[in-house]
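Chemist: Pasting protein12.txt here (compact mmCIF, C-alpha atoms):
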# COMPACT_ATOMS: atom_id res chain seq x y z
CA MET A 1 103.76 110.98 80.77
CA MET A 2 104.20 107.32 81.76
CA ILE A 3 105.84 106.47 78.43
CA ARG A 4 108.35 109.28 78.85
CA ALA A 5 109.27 108.08 82.36
CA VAL A 6 109.68 104.50 81.15
CA LEU A 7 111.82 105.58 78.20
CA LEU A 8 114.05 107.90 80.21
CA HIS A 9 114.52 105.70 83.27
CA PRO A 10 113.10 102.23 82.56
CA VAL A 11 114.85 100.42 85.42
CA ARG A 12 113.90 103.04 87.99
CA PHE A 13 110.31 103.16 86.74
CA HIS A 14 109.90 99.39 87.08
CA ARG A 15 111.60 99.39 90.46
CA ASP A 16 109.23 102.16 91.66
CA HIS A 17 106.31 100.23 90.16
CA ARG A 18 107.15 97.18 92.28
CA PHE A 19 107.89 99.35 95.32
CA THR A 20 104.51 101.07 95.04
CA ARG A 21 102.67 97.76 94.92
CA THR A 22 104.57 96.21 97.82
CA GLN A 23 104.48 99.30 100.06
CA ALA A 24 100.94 100.51 99.29
CA SER A 25 99.50 99.34 102.60
CA ALA A 26 102.31 100.93 104.61
CA TYR A 27 101.81 104.14 102.63
CA LEU A 28 98.10 104.26 103.43
CA ASP A 29 98.79 103.46 107.09
CA GLY A 30 101.26 106.36 107.28
CA ASP A 31 104.12 104.01 108.12
CA LEU A 32 106.55 105.28 105.46
CA GLY A 33 109.08 108.05 105.81
CA PRO A 34 108.94 111.18 103.66
CA ASP A 35 111.32 109.87 100.98
CA ASP A 36 109.37 106.66 100.44
CA ARG A 37 106.04 108.53 100.51
CA GLY A 38 107.38 110.90 97.87
CA ARG A 39 108.58 107.99 95.78
CA ILE A 40 105.10 106.45 95.76
CA GLU A 41 103.37 109.79 95.12
CA SER A 42 105.68 110.59 92.19
CA HIS A 43 105.19 107.16 90.71
CA THR A 44 101.41 107.18 90.99
CA HIS A 45 101.31 110.54 89.20
CA MET A 46 103.11 108.93 86.25
CA CYS A 47 101.58 105.45 86.32
CA PRO A 48 97.80 105.15 85.77
CA PRO A 49 97.70 101.45 86.74
CA CYS A 50 99.34 102.21 90.10
CA ALA A 51 97.09 105.23 90.62
CA ARG A 52 94.05 102.98 90.06
CA PHE A 53 95.55 100.34 92.37
CA MET A 54 96.04 102.89 95.15
CA ALA A 55 92.54 104.30 94.68
CA GLY A 56 91.06 100.81 94.89
CA LEU A 57 93.06 100.02 98.00
CA ARG A 58 91.90 103.29 99.61
CA ARG A 59 88.27 102.37 98.87
CA THR A 60 88.78 98.88 100.29
CA VAL A 61 90.40 100.18 103.48
CA SER A 62 87.62 102.73 103.88
CA ALA A 63 84.90 100.10 103.42
CA LEU A 64 86.58 97.75 105.89
CA GLY A 65 86.87 100.58 108.40
CA LYS A 66 83.11 101.07 108.23
CA LEU A 67 82.61 97.40 109.14
CA ARG A 68 84.36 97.77 112.49
CA GLY A 69 81.18 98.89 114.21
CA THR A 70 79.06 96.03 112.94
CA ALA A 71 78.18 93.12 115.19
CA THR A 72 80.21 89.97 114.77
CA PRO A 73 78.68 86.51 115.10
CA ARG A 74 79.24 84.86 118.47
CA VAL A 75 80.25 81.57 116.92
CA GLY A 76 83.02 81.61 114.34
CA VAL A 77 82.52 80.05 110.95
CA SER A 78 84.92 77.22 111.69
CA ASP A 79 83.17 76.52 115.01
CA GLY A 80 79.82 76.29 113.22
CA VAL A 81 81.18 73.97 110.54
CA LEU A 82 82.80 71.69 113.13
CA ALA A 83 79.57 71.56 115.15
CA ARG A 84 77.57 70.56 112.06
CA LEU A 85 80.12 67.89 111.17
CA ARG A 86 79.95 66.45 114.69
CA ASP A 87 76.14 66.33 114.50
CA GLU A 88 76.04 64.51 111.14
CA PRO A 89 75.45 60.74 111.21
CA ASP A 90 78.34 58.51 110.19
CA ASN A 91 78.39 57.85 106.47
CA ASP A 92 81.47 55.63 106.46
CA GLY A 93 80.21 52.51 108.16
CA GLY A 94 80.55 53.65 111.74
CA ALA A 95 84.17 54.76 111.83
CA ALA A 96 84.77 57.50 114.36
CA PRO A 97 85.61 60.95 112.98
CA PRO A 98 89.25 62.01 113.26
CA PRO A 99 90.08 64.06 116.37
CA VAL A 100 90.01 67.82 115.94
Please, can you express the file's structure as structure tokens?

Modeler:
Amino acid sequence: MMIRAVLLHPVRFHRDHRFTRTQASAYLDGDLGPDDRGRIESHTHMCPPCARFMAGLRRTVSALGKLRGTATPRVGVSDGVLARLRDEPDNDGGAAPPPV
């Protein structure tokens, strides 16, 4: 089916291929109008790579949604790294660290 679509309308197929990839997040968020949603749905029915891409993105969004309820660390990663760097002894002959 994909080969037929490419052969009959190669420019449109490639344009829809790019459109699907760039608008996938908006599609999943429900931010596209009916015409654009239909364009993506039609394309993913003809294009196995885009269908797999959309399925993977759906799984990723679902997994990230499940993380919302998990506890987050009180100190951010960058805060922890900066604190460790401040606590390390000077290794450069006593020069002060650059201001942060």

Chemist: Would you be able to write out as JSON, numbers by chain which residues have an atom within 12 Å of (101.1, 109.4, 92.9) in the file's coordinates, counting only C-alpha atoms?

Modeler: {"A": [2, 16, 17, 20, 21, 24, 27, 36, 37, 38, 39, 40, 41, 42, 43, 44, 45, 46, 47, 48, 49, 50, 51, 52, 53, 54, 55]}

Chemist: Grab the CA of Pro34 in chain A to CA of Arg68 in chain A distance for me, in Å with one decimal place.

Modeler: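 Distance between the two atoms: 29.4 Å.
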
Chemist: By how many Å are CA of Leu57 in chain A and CA of His9 in chain A apart?

Modeler: 26.6 Å

Chemist: Quick one, how far is CA of Arg15 in chain A from CA of Thr60 in chain A?

Modeler: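 That distance, rounded to one decimal, is 24.9 Å.
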
Chemist: Work out where the centre of an axis-aligned box around every listed atom of range 45-63 of chain A lies and how long its edges are once 4 Å is added on each side; give both in Å to one decimal as AutoDock Vina command-line options.

Modeler:
--center_x 94.0 --center_y 104.7 --center_z 94.8 --size_x 26.2 --size_y 19.7 --size_z 26.1

Chemist: Using all atoms listed in the file for the distances, tell me which of A:His14, A:Leu28, A:Asp87, A:Gly33 is nearest to Arg59 in chain A.

Modeler: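 Going through A:His14, A:Leu28, A:Asp87, A:Gly33 one by one, the smallest distance to Arg59 in chain A is for A:Leu28.
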